[in-house]
2 protein chains.
Amino acid sequence: MQKPRASYRRESAEDRKRQLAEAALRCIQRNGHAGVSVRQIAAEAGVTQGLITHHFGEVNELVAYAFELMAADIQSGIAAAIAEADDTPAARMDACIEASFSPDIFDQSTLGVWIVFWSLVLHSPKMSAAQQRDNGIYVNRMESLISDLAEAEGFRVANPRLAAIQFAAMFDGLWLNWCLNPASFSPEDGIALCRNWVEGLRRGAYA
Amino acid sequence: MQKPRASYRRESAEDRKRQLAEAALRCIQRNGHAGVSVRQIAAEAGVTQGLITHHFGEVNELVAYAFELMAADIQSGIAAAIAEADDTPAARMDACIEASFSPDIFDQSTLGVWIVFWSLVLHSPKMSAAQQRDNGIYVNRMESLISDLAEAEGFRVANPRLAAIQFAAMFDGLWLNWCLNPASFSPEDGIALCRNWVEGLRRGAYA
DNA sequence: GCGGCTGCTATACGACTTTATAATAAAGGC
DNA sequence: GCCTTTATTATAAAGTCGTATAGCAGCCGC
C-alpha cells in the first residue's frame, strides 16, 4: 500500500540549496510569514520536506540562506550600477540612487519579502548575523560615496559615517513606505528626494 | 472528570479588548511572529482562548486592533510633545524630532513589535487599512510642520508633501535600523541627523 | 555493467495551531 | 433576592507545523 517512489534528479548540494532558497523566496512573496513553512517551500520546489532537513538541518537556516542570497543580489545590482557610472563621485552617487529605485529592487514583491526578513532578524541569531553583515557592506559603500563626493566638491561632512547611516536608513524607509503604500509616491519621486538629500549635503547641512 | 470551572471577573467589552490587545503586544514583543497566537495571547492575558474568538472573531482582528492602539499611543505622544513646545514652527519641528527619539518610542521592544506589524500589512487587509490611516495622519503632520517652517523662515520647499513623506520614511528607516542594530547609532545621533535634514530644507536643497 | 556513496523520498510522530460549540457563572435590572 | 443577559470557560475537532528516521535510487568511479 505504499506510494510508488517518485523519480527525481540528483543535484549538487549547492544547486539544490539555491533552488530551495528561491522556492522559499517565492513562498514568502506569496504568503508572507505564512510562507515560511517546510511543507510549503518543499512543495514549491517540487521536493519532499525531508530534503530541507537534509540540506539545512532546520528551517531558520534555509531562511537565513535565502536572505543572504537576496541581499547579495541587491548589493551586486547596486554595485554594478556604480561601477558602470562615470568615474566621478557625483556620477557614482547618482548611479547608486538610481539603481536603488530601479525596477529590479524597487519592486513590491521583492520588498515584501525583505520586510518579512526584517521582522525575523530580532528573533533569529542567524538572520541577525546575516543582516548585520549585509548592512555593514551597505553603509560602508554609502560612507565612501559621501566622503568621496565631499572631497571632490570641497564641502564638509562632520560625520560621514552617521550621514551614511541616515542615507541607508532613508532608502530603507522609502522602500518600506512605498511597498506598504505604492500610491504615495513614484520611483522618480524617490530618486528626486534622494538627490535633494545629497543637495543638502552639498549645502553644508551636515557640516 | 471535568476541570472545575475557573472563577473570573466580567469586564466591559472595551476593557477586555484592550487587555487582550496589550497581552498581544507583549507576546509579539517577546516572540515576534510566533507570539501572534490565540493560545499564547490568551495565556498572557490570563483568560481562555475562546474569549478572543468571542471578542474579535479571528486573530487578525485582534492584531489589527492592537496595532491601532499602539499607533494611537505613538501619535499622541508625538502630538503632545508638539503641543507643549513653544508656538513657533521651529520649536514645534524640533519637538517632533525629539519626541520621535524619546525612550517611549525609540525603544527596541516597542519597535520590534512595530516591525512585525509592518510585515503583516501586505497580507492583511485590516492591517493595511489601519496602516494607511496611521501613515496618513503621520505624513499630514509632517507636511504641516514643514510648510509652516518654510513660511515662517522664508525658504522654499517645492513639494512639501513629498518632503514630508521622505521625512516620515527617514524616521521609519532610522527606527528600523537602530532596532535591528542598536549599536550603530544613539538616539542623540538620530536627533542630530534629523536636525541636519531640516537644515538641508532651510538651505534650499528641496526648493 | 557493477558496487557504493549519499541525495532524496516516504512516512511517522508529537506538539501546536485555529475555529466552533455547548455549558456556566458573573453582574445588572427589577 | 430572583431572573435575564452575556461575558467567559471548557472542550472538541480538524488541520498544520517541525523534526526524525528508514530505506530507495540516481549517479560516479571503476
# chains A, B, ... in the order shown; residues from 1 in each chain; ligands from 1

$ residues_around --residues "DA20 of chain C" --least-positions-apart "6" --cutoff "12 Å" --atoms "only C-alpha atoms (C1' of nucleotides)" --output "list in words"
Gln49, Gly50, Thr53, His54, Gly57 and Glu58 of chain B; DT11, DA12, DA13 and DA14 of chain D

$ residues_around --residues "Ile165 of chain A" --least-positions-apart "3" --cutoff "12 Å" --atoms "only C-alpha atoms (C1' of nucleotides)" --output "short mmCIF file (atom, residue, chain, number, x, y, z; two decimals) with N, CA, C and O atoms, in the first residue's frame"
data_model
loop_
_atom_site.label_atom_id
_atom_site.label_comp_id
_atom_site.auth_asym_id
_atom_site.auth_seq_id
_atom_site.Cartn_x
_atom_site.Cartn_y
_atom_site.Cartn_z
N ASN A 135 24.14 44.87 6.15
CA ASN A 135 24.00 46.28 6.44
C ASN A 135 25.37 46.97 6.52
O ASN A 135 25.52 48.12 6.09
N GLY A 136 26.33 46.26 7.07
CA GLY A 136 27.68 46.82 7.16
C GLY A 136 28.23 47.17 5.78
O GLY A 136 28.75 48.27 5.55
N ILE A 137 28.09 46.25 4.86
CA ILE A 137 28.55 46.48 3.49
C ILE A 137 27.86 47.71 2.90
O ILE A 137 28.48 48.58 2.30
N TYR A 138 26.57 47.72 3.12
CA TYR A 138 25.73 48.77 2.59
C TYR A 138 26.17 50.15 3.10
O TYR A 138 26.40 51.08 2.32
N VAL A 139 26.30 50.24 4.39
CA VAL A 139 26.65 51.53 4.99
C VAL A 139 28.07 51.94 4.59
O VAL A 139 28.34 53.12 4.32
N ASN A 140 28.95 50.98 4.52
CA ASN A 140 30.32 51.30 4.11
C ASN A 140 30.33 51.93 2.72
O ASN A 140 31.06 52.90 2.47
N ARG A 141 29.55 51.35 1.84
CA ARG A 141 29.52 51.89 0.49
C ARG A 141 29.01 53.33 0.49
O ARG A 141 29.58 54.22 -0.14
N MET A 142 27.94 53.52 1.24
CA MET A 142 27.37 54.87 1.32
C MET A 142 28.40 55.86 1.88
O MET A 142 28.52 56.99 1.41
N GLU A 143 29.11 55.40 2.88
CA GLU A 143 30.08 56.29 3.51
C GLU A 143 31.15 56.70 2.50
O GLU A 143 31.54 57.87 2.44
N SER A 144 31.62 55.75 1.73
CA SER A 144 32.62 56.07 0.71
C SER A 144 32.07 57.08 -0.29
O SER A 144 32.75 58.05 -0.64
N ILE A 146 29.80 59.24 0.06
CA ILE A 146 29.64 60.56 0.68
C ILE A 146 31.00 61.23 0.86
O ILE A 146 31.19 62.40 0.50
N ASN A 159 30.37 64.09 10.11
CA ASN A 159 30.46 62.67 10.46
C ASN A 159 29.91 61.82 9.32
O ASN A 159 28.73 61.46 9.30
N PRO A 160 30.78 61.48 8.38
CA PRO A 160 30.32 60.75 7.19
C PRO A 160 29.67 59.42 7.54
O PRO A 160 28.73 58.99 6.86
N ARG A 161 30.14 58.79 8.59
CA ARG A 161 29.56 57.51 8.98
C ARG A 161 28.08 57.67 9.34
O ARG A 161 27.23 56.91 8.87
N LEU A 162 27.82 58.65 10.18
CA LEU A 162 26.43 58.86 10.57
C LEU A 162 25.57 59.29 9.39
O LEU A 162 24.43 58.85 9.24
N ALA A 168 21.32 55.38 4.27
CA ALA A 168 20.87 54.00 4.16
C ALA A 168 19.49 53.83 4.78
O ALA A 168 18.61 53.16 4.21
N ALA A 169 19.30 54.45 5.92
CA ALA A 169 18.01 54.34 6.60
C ALA A 169 16.91 54.99 5.76
O ALA A 169 15.78 54.50 5.72
N MET A 170 17.28 56.06 5.08
CA MET A 170 16.31 56.74 4.24
C MET A 170 15.86 55.83 3.11
O MET A 170 14.66 55.75 2.80
N PHE A 171 16.80 55.16 2.50
CA PHE A 171 16.43 54.18 1.47
C PHE A 171 15.49 53.13 2.05
O PHE A 171 14.43 52.85 1.50
N ASP A 172 15.90 52.56 3.15
CA ASP A 172 15.06 51.53 3.77
C ASP A 172 13.67 52.08 4.03
O ASP A 172 12.66 51.41 3.76
N GLY A 173 13.62 53.27 4.59
CA GLY A 173 12.33 53.86 4.92
C GLY A 173 11.48 54.10 3.68
O GLY A 173 10.27 53.85 3.67
N MET B 170 12.28 58.60 6.68
CA MET B 170 13.58 58.65 7.34
C MET B 170 13.44 58.21 8.80
O MET B 170 14.27 57.45 9.31
N GLY B 173 13.00 54.52 8.78
CA GLY B 173 14.26 53.86 8.45
C GLY B 173 15.23 53.88 9.63
O GLY B 173 15.91 52.89 9.91
N LEU B 174 15.29 55.00 10.31
CA LEU B 174 16.19 55.08 11.46
C LEU B 174 15.69 54.19 12.59
O LEU B 174 16.48 53.48 13.23
N TRP B 175 14.39 54.18 12.81
CA TRP B 175 13.82 53.29 13.82
C TRP B 175 14.18 51.84 13.50
O TRP B 175 14.67 51.09 14.34
N LEU B 176 13.91 51.51 12.28
CA LEU B 176 14.17 50.15 11.83
C LEU B 176 15.63 49.75 12.03
O LEU B 176 15.95 48.73 12.64
N ASN B 177 16.52 50.59 11.54
CA ASN B 177 17.94 50.23 11.59
C ASN B 177 18.49 50.22 13.00
O ASN B 177 19.31 49.38 13.35
N TRP B 178 18.02 51.15 13.80
CA TRP B 178 18.50 51.15 15.18
C TRP B 178 17.99 49.94 15.92
O TRP B 178 18.70 49.33 16.72
N ASN B 181 19.95 47.04 14.87
CA ASN B 181 21.36 47.16 15.23
C ASN B 181 21.58 48.39 16.11
O ASN B 181 22.09 49.40 15.64
N ALA B 183 23.64 49.28 18.18
CA ALA B 183 24.99 49.80 18.42
C ALA B 183 25.41 50.81 17.36
O ALA B 183 26.36 51.56 17.55
N SER B 184 24.70 50.85 16.25
CA SER B 184 25.20 51.66 15.13
C SER B 184 25.07 53.16 15.37
O SER B 184 25.87 53.93 14.87
N PHE B 185 24.07 53.56 16.11
CA PHE B 185 23.98 54.98 16.46
C PHE B 185 23.10 55.17 17.69
O PHE B 185 22.38 54.24 18.09
N SER B 186 23.19 56.34 18.29
CA SER B 186 22.43 56.60 19.51
C SER B 186 21.21 57.46 19.19
O SER B 186 21.14 58.07 18.13
N ASP B 189 22.27 60.80 18.24
CA ASP B 189 22.71 60.84 16.83
C ASP B 189 21.50 60.99 15.91
O ASP B 189 21.53 61.76 14.93
N GLY B 190 20.47 60.23 16.20
CA GLY B 190 19.27 60.29 15.38
C GLY B 190 18.67 61.69 15.36
O GLY B 190 18.30 62.21 14.30
N LEU B 193 20.83 63.97 13.30
CA LEU B 193 20.67 63.71 11.86
C LEU B 193 19.38 64.34 11.32
O LEU B 193 19.38 64.93 10.24
N CYS B 194 18.34 64.21 12.09
CA CYS B 194 17.08 64.80 11.62
C CYS B 194 17.16 66.32 11.59
O CYS B 194 16.60 66.96 10.69
#

$ select_by_dssp --residues "segment 7-81 of chain B" --states "helix (DSSP H, G or I)" --output "VMD selection string"
chain B and resid 13 to 35 38 to 45 50 to 56 59 to 81

$ interface_residues --of "chain C" --to "chain B" --cutoff "8 Å" --atoms "only C-alpha atoms (C1' of nucleotides)" --output "PyMOL selection string"
chain C and resi 17-18+24-27

$ atom_distance --atom1 "atom CA of Arg92 of chain A" --atom2 "atom CA of Ala163 of chain B"
23.7 Å

$ atom_distance --atom1 "atom CA of Asp15 of chain B" --atom2 "atom C1' of DA22 of chain C"
25.6 Å

$ residues_around --residues "DT11 of chain C" --least-positions-apart "5" --cutoff "12 Å" --atoms "only C-alpha atoms (C1' of nucleotides)" --output "list in words"
Gln2, Lys3, Arg5, Thr48, Gln49 and Gly50 of chain A; DA20, DT21, DA22 and DG23 of chain D

$ write_last_selection --atoms "C-alpha atoms (C1' of nucleotides)" --output "PDB file, in the first residue's frame"
ATOM      1  CA  GLN A   2       2.960   2.279  -0.274  1.00  0.00           C
ATOM      2  CA  LYS A   3       3.112   5.098  -2.726  1.00  0.00           C
ATOM      3  CA  ARG A   5       8.572   6.108  -5.096  1.00  0.00           C
ATOM      4  CA  THR A  48       9.816  16.440  -0.194  1.00  0.00           C
ATOM      5  CA  GLN A  49      10.170  18.005   3.202  1.00  0.00           C
ATOM      6  CA  GLY A  50      12.971  15.819   4.318  1.00  0.00           C
TER       7      GLY A  50
ATOM      8  C1'  DA D  20      13.418  12.425  12.877  1.00  0.00           C
ATOM      9  C1'  DT D  21      14.152   8.039  10.657  1.00  0.00           C
ATOM     10  C1'  DA D  22      14.404   4.204   7.377  1.00  0.00           C
ATOM     11  C1'  DG D  23      15.302   2.865   3.067  1.00  0.00           C
TER      12       DG D  23
END

$ residues_around --residues "segment 107-115 of chain B" --least-positions-apart "6" --cutoff "12 Å" --atoms "only C-alpha atoms (C1' of nucleotides)" --output "ChimeraX atom specification"
/A:114-123,173,176 /B:22,24-36,63-64,66-71,73-74,100-101,121,127,131,171-183,186-187

$ atom_distance --atom1 "atom CA of Leu201 of chain B" --atom2 "atom CA of Ala158 of chain A"
17.9 Å

$ interface_residues --of "chain D" --to "chain A" --cutoff "10 Å" --atoms "only C-alpha atoms (C1' of nucleotides)" --output "list in words"
DT16, DC17, DG18, DT19, DA20, DC24, DA25, DG26 and DC27 of chain D

$ closest_residue --among "B:Ala152, B:Ala129, B:Ala95, B:Ser147" --to "chain A" --atoms "only C-alpha atoms"
B:Ala129

$ residues_around --residues "Arg195 of chain A" --least-positions-apart "3" --cutoff "8 Å" --atoms "only C-alpha atoms (C1' of nucleotides)" --output "number ranges by chain"
A: 94, 97, 191-192, 198-199

$ residues_around --residues "Leu51 of chain A" --least-positions-apart "4" --cutoff "9 Å" --atoms "only C-alpha atoms (C1' of nucleotides)" --output "PyMOL selection string"
(chain A and resi 42+47+55-56) or (chain C and resi 7-9)
